[in-house]
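File shown here: protein-v9.txt, holding compact mmCIF, C-alpha atoms.
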```
# COMPACT_ATOMS: atom_id res chain seq x y z
CA MET M 111 32.07 108.18 128.90
CA GLU M 112 35.60 109.50 128.30
CA LYS M 113 36.92 112.02 130.80
CA THR M 114 39.13 113.75 128.20
CA ILE M 115 38.64 113.97 124.43
CA ILE M 116 40.18 115.79 121.47
CA SER M 117 37.59 117.52 119.30
CA GLU M 118 38.03 119.09 115.85
CA GLY M 119 36.23 121.73 113.81
CA LYS M 120 36.73 124.45 111.22
CA THR M 121 36.60 127.06 114.01
CA THR M 122 37.24 126.99 117.74
CA ASN M 123 33.51 127.30 118.45
CA GLU M 124 32.69 124.47 116.07
CA ALA M 125 35.32 122.23 117.67
CA ILE M 126 33.90 122.97 121.13
CA GLU M 127 30.30 122.34 120.00
CA ASN M 128 31.33 119.03 118.44
CA GLY M 129 33.02 118.00 121.68
CA LEU M 130 30.04 118.99 123.83
CA ARG M 131 27.75 116.88 121.64
CA LYS M 132 30.10 113.93 121.94
CA LEU M 133 30.29 114.23 125.73
CA ASN M 134 26.57 115.08 126.00
CA VAL M 135 27.18 117.85 128.56
CA SER M 136 26.87 121.64 128.77
CA LYS M 137 29.88 123.96 128.37
CA ASP M 138 30.13 124.69 132.10
CA ARG M 139 30.84 120.98 132.74
CA VAL M 140 34.16 120.93 130.87
CA GLU M 141 37.61 122.51 130.90
CA ILE M 142 38.74 123.55 127.42
CA LYS M 143 42.28 123.85 126.06
CA VAL M 144 42.92 124.95 122.45
CA LEU M 145 45.60 122.74 120.87
CA GLU M 146 45.58 124.10 117.32
CA SER M 147 44.08 127.55 116.83
CA GLU M 148 42.46 128.87 113.68
CA ASP M 149 44.87 131.85 113.93
CA LYS M 150 48.03 129.77 113.65
CA ARG M 151 48.06 129.28 109.92
CA SER M 152 51.11 129.83 107.71
CA PHE M 153 51.12 131.06 104.11
CA PHE M 154 51.67 127.50 102.86
CA SER M 155 48.71 126.08 104.81
CA ILE M 156 46.10 128.42 103.36
CA LEU M 157 45.09 125.90 100.69
CA THR M 158 44.70 123.01 103.15
CA PRO M 159 41.41 122.41 105.02
CA ARG M 160 41.16 124.46 108.19
CA VAL M 161 41.19 122.25 111.33
CA VAL M 162 41.04 123.52 114.91
CA LYS M 163 41.70 121.06 117.72
CA VAL M 164 40.61 121.46 121.35
CA GLU M 165 41.15 119.26 124.36
CA MET M 166 38.03 118.93 126.56
CA THR M 167 38.11 117.47 130.06
CA LEU M 168 35.02 116.76 132.15
CA LYS M 169 34.85 118.54 135.49
CA GLU M 170 33.83 116.50 138.51
CA SER M 171 30.23 117.18 139.51
CA LYS M 172 29.83 118.77 142.95
CA ASN M 173 27.38 116.12 144.02
CA GLU M 174 29.34 113.28 142.47
CA VAL M 175 30.55 110.92 145.14
CA LYS M 176 33.90 109.28 144.51
CA LYS M 177 33.53 105.55 144.83
CA GLU M 178 35.95 104.28 147.41
CA PRO M 179 36.68 100.67 148.23
CA ALA M 180 33.94 99.42 150.50
CA LYS M 181 34.99 99.22 154.12
CA ILE M 182 34.04 95.87 155.52
CA LYS M 183 32.42 96.31 158.90
CA LYS M 184 32.91 93.42 161.22
CA GLU M 185 29.61 92.79 162.94
CA ILE M 186 29.67 92.28 166.66
CA GLU M 187 28.86 88.71 167.58
CA LEU M 188 27.00 88.11 170.84
CA SER M 189 27.68 85.03 172.88
CA GLU M 190 24.74 82.82 173.87
CA LYS M 191 25.00 84.25 177.38
CA GLU M 192 24.87 87.83 176.03
CA GLN M 193 21.93 86.95 173.77
CA GLU M 194 19.98 85.58 176.74
CA LYS M 195 20.85 88.59 178.90
CA ALA M 196 19.69 90.97 176.14
CA ARG M 197 16.46 88.98 175.73
CA GLN M 198 15.76 89.18 179.47
CA ASN M 199 16.44 92.94 179.49
CA ILE M 200 13.98 93.51 176.66
CA GLU M 201 11.33 91.20 178.08
CA GLN M 202 11.45 92.90 181.47
CA PHE M 203 10.96 96.27 179.80
CA LEU M 204 8.18 95.02 177.52
CA LYS M 205 6.14 93.62 180.42
CA GLU M 206 5.97 97.14 181.87
CA PHE M 207 5.62 98.80 178.46
CA LEU M 208 2.64 96.65 177.41
CA VAL M 209 0.59 97.90 180.36
CA ASN M 210 0.25 101.21 178.47
CA LEU M 211 -0.60 99.61 175.12
CA PRO M 212 -4.00 98.49 173.75
CA GLU M 213 -5.42 95.23 175.06
CA GLY M 214 -4.37 92.17 173.09
CA THR M 215 -0.89 93.48 172.21
CA THR M 216 1.64 90.66 171.90
CA TYR M 217 5.37 90.53 171.22
CA GLU M 218 8.11 88.20 170.05
CA ILE M 219 11.81 88.35 170.89
CA GLU M 220 14.26 86.45 168.71
CA PRO M 221 17.94 86.71 169.71
CA THR M 222 20.63 86.10 167.08
CA LYS M 223 24.41 86.36 167.31
CA ASN M 224 24.41 89.77 165.53
CA TYR M 225 21.21 91.45 166.73
CA ILE M 226 17.94 90.94 168.59
CA ASN M 227 14.69 90.89 166.60
CA VAL M 228 11.70 92.35 168.43
CA SER M 229 8.20 92.36 166.94
CA ILE M 230 5.20 94.01 168.60
CA MET M 231 1.78 93.10 167.20
CA ASN M 232 -1.56 94.88 167.45
CA LYS M 233 -3.56 96.57 164.70
CA ASN M 234 -3.97 99.71 166.84
CA LEU M 235 -0.31 100.67 167.23
CA GLY M 236 0.04 103.14 164.37
CA TYR M 237 0.98 105.91 166.80
CA LEU M 238 4.10 103.92 167.77
CA ILE M 239 5.18 103.89 164.12
CA GLY M 240 4.76 107.59 163.41
CA TYR M 241 5.25 109.44 160.14
CA ARG M 242 7.45 107.33 157.85
CA GLY M 243 8.50 105.24 160.87
CA GLU M 244 10.13 108.10 162.80
CA THR M 245 8.67 107.01 166.16
CA LEU M 246 9.50 103.36 165.46
CA TYR M 247 13.17 104.14 164.78
CA ALA M 248 13.37 106.26 167.94
CA LEU M 249 11.92 103.34 169.93
CA GLN M 250 14.41 101.00 168.27
CA ASN M 251 17.28 103.09 169.65
CA ILE M 252 15.73 102.97 173.13
CA PHE M 253 15.31 99.19 172.90
CA SER M 254 18.96 98.83 171.84
CA ALA M 255 20.09 100.81 174.89
CA ILE M 256 17.89 98.73 177.20
CA ALA M 257 19.03 95.42 175.66
CA GLY M 258 22.68 96.32 176.24
CA LYS M 259 22.42 96.85 180.00
CA GLY M 260 25.06 94.76 181.75
CA ILE M 261 26.58 93.62 178.44
CA GLU M 262 30.04 94.69 177.35
CA ASN M 263 29.31 94.42 173.61
CA ARG M 264 26.96 96.86 171.88
CA VAL M 265 23.61 95.21 171.29
CA ARG M 266 21.64 96.09 168.17
CA VAL M 267 17.86 95.67 168.25
CA ILE M 268 15.79 95.42 165.07
CA LEU M 269 12.28 96.54 166.04
CA ASP M 270 9.16 96.03 163.96
CA ILE M 271 5.59 97.04 164.80
CA GLU M 272 2.50 95.66 163.02
CA GLY M 273 4.74 94.35 160.21
CA TYR M 274 5.44 97.96 159.19
CA LYS M 275 8.93 97.34 157.80
CA ALA M 276 7.83 94.65 155.33
CA LYS M 277 5.03 96.92 154.07
CA ARG M 278 7.36 99.92 153.85
CA GLU M 279 9.99 97.89 151.98
CA LYS M 280 7.40 96.91 149.35
CA THR M 281 6.27 100.55 149.05
CA LEU M 282 9.87 101.76 148.57
CA GLU M 283 10.67 99.06 146.00
CA ASP M 284 7.59 100.05 144.00
CA LEU M 285 8.63 103.72 144.28
CA ALA M 286 12.16 102.90 143.07
CA GLU M 287 10.84 101.15 139.95
CA LYS M 288 8.39 103.97 139.19
CA VAL M 289 11.05 106.69 139.58
CA ALA M 290 13.56 104.73 137.46
CA LYS M 291 11.03 104.48 134.61
CA THR M 292 10.38 108.23 134.81
CA VAL M 293 14.12 109.02 134.74
CA MET M 294 14.66 106.76 131.72
CA ARG M 295 11.71 108.37 129.90
CA THR M 296 12.56 112.02 130.67
CA LYS M 297 16.37 111.60 130.90
CA LYS M 298 16.27 113.95 133.88
CA PRO M 299 17.44 113.11 137.45
CA ILE M 300 14.91 112.92 140.27
CA LYS M 301 15.72 113.81 143.87
CA LEU M 302 13.70 111.84 146.42
CA GLU M 303 12.60 113.16 149.78
CA PRO M 304 14.87 112.61 152.84
CA MET M 305 14.86 109.04 154.16
CA GLN M 306 16.29 106.92 156.95
CA ALA M 307 19.53 105.11 156.09
CA TYR M 308 17.62 101.80 156.22
CA GLU M 309 15.14 103.08 153.62
CA ARG M 310 17.84 104.53 151.34
CA LYS M 311 19.52 101.13 151.35
CA ILE M 312 16.30 99.55 150.01
CA ILE M 313 16.22 102.04 147.10
CA HIS M 314 19.93 101.54 146.29
CA SER M 315 19.57 97.74 146.41
CA LYS M 316 16.47 97.69 144.23
CA LEU M 317 18.06 99.79 141.46
CA GLN M 318 21.65 98.55 141.53
CA GLN M 319 20.87 95.85 138.94
CA ASN M 320 19.45 98.42 136.49
CA ALA M 321 22.22 98.98 133.95
CA ARG M 322 20.84 102.39 132.93
CA ILE M 323 20.22 103.86 136.38
CA ASP M 324 22.56 105.38 138.96
CA THR M 325 21.65 106.20 142.58
CA THR M 326 23.61 108.61 144.76
CA SER M 327 23.00 109.79 148.33
CA VAL M 328 23.45 113.53 148.85
CA GLY M 329 23.11 115.93 151.78
CA GLU M 330 23.62 115.55 155.51
CA GLU M 331 21.57 113.63 158.06
CA PRO M 332 18.70 113.89 158.85
CA HIS M 333 18.05 115.46 155.43
CA ARG M 334 20.11 112.99 153.39
CA ARG M 335 18.29 111.84 150.27
CA ILE M 336 18.76 109.82 147.09
CA VAL M 337 19.19 111.22 143.58
CA VAL M 338 18.13 108.79 140.84
CA SER M 339 19.68 109.56 137.45
CA LEU M 340 20.83 107.97 134.20
CA LYS M 341 24.28 106.41 134.26
CA ASN M 342 27.02 109.03 133.67
CA ASN M 343 24.40 111.79 133.81
CA ARG M 344 24.23 112.68 137.48
CA GLU M 345 22.59 115.82 138.76
CA LYS M 346 24.72 118.93 138.36
```

As a first step, turn the structure in this file into structure tokens.
Amino acid sequence: MEKTIISEGKTTNEAIENGLRKLNVSKDRVEIKVLESEDKRSFFSILTPRVVKVEMTLKESKNEVKKEPAKIKKEIELSEKEQEKARQNIEQFLKEFLVNLPEGTTYEIEPTKNYINVSIMNKNLGYLIGYRGETLYALQNIFSAIAGKGIENRVRVILDIEGYKAKREKTLEDLAEKVAKTVMRTKKPIKLEPMQAYERKIIHSKLQQNARIDTTSVGEEPHRRIVVSLKNNREK
């Protein structure tokens, strides 16, 4: 969509209406400048067709986020010694933690150079996941702090309980597709409920290949949410 256009009409109002239709926006979304007024007509131009020209420029939407060059974050790489130290820290904590969990609970710790994967398994651990994973993410922060004891580099722990994250990812991908279809049918943006950054990333990734759909994060944490809209038709 053009940011600035020149629109014509027999009257100023007609020229503006023609421009609004071309831009497919409401009048409050544009700045208007009259280039040739219907009043500026000489005696010799009376017999010529009346043409009024206006310049219309789209205003930037308040919620529109300017796309900036992506900042490449260099991930911290843990040495083998740091990976082993982090694994020992987590294992020591888990041995004490499991005493308070249901019988039969098991765990797996998988160190990598960028983060430590921790999985806790038992079908009766829903209370450690919480509503939309809130408790799980809080525990993940605690595990990260514990893993980093005695290590100079910051250690990131990726915690999963009962395979929750894989199930949640599938749920969010299905939601993304459903919402995109609704937006394309109604041509109206839909604002999703607040989500964790990890969950918003799943929605963005799922819809980024859809040529007709745009996704934008709005608001401040912890109430930041995604708006799904048609391309070049973001929420006002």

Point to revise | Å distance separating atom CA of M:Asn320 from atom CA of M:Tyr308, one decimal place | key: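 So the answer is 20.1 Å.
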
Review point. Quick one: distance from atom CA of M:Glu272 to atom CA of M:Met231 in Å, one decimal?
Key: 5.0 Å

Exercise for review: Report the distance between atom CA of M:Glu218 and atom CA of M:Ala307 in Å, rounded to one decimal place.
Suggested key: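 Distance reported for this atom pair: 24.7 Å.
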
Practice item. Compile the contact shell of M:Lys275 as a PyMOL selection string: residues with an atom at most 12 Å away, counting all atoms listed in the file, same-chain residues fewer than 2 positions apart removed. Key: chain M and resi 229-230+239+242-244+246-247+268-273+277-282+308-309+312

Check your understanding: Hey, which of M:Met305, M:Ala290, M:Ile261, M:Ile200 ends up closest to M:Tyr241? Count all atoms listed in the file.
Key -> M:Met305

**Study point:** Closest of M:Val162, M:Glu303, M:Phe203, M:Val265 to M:Asn227 - atom-to-atom distances counting only C-alpha atoms
**Key:**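 Smallest distance to M:Asn227 is found for M:Val265.
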
Practice item. Fewer than 6 positions away in the same chain doesn't count, so skip those; otherwise give me all residues within 8 Å of stretch 163-170 of chain M, counting all atoms listed in the file, as a VMD selection string. Key: chain M and resid 113 to 119 122 125 to 126 129 139 to 147
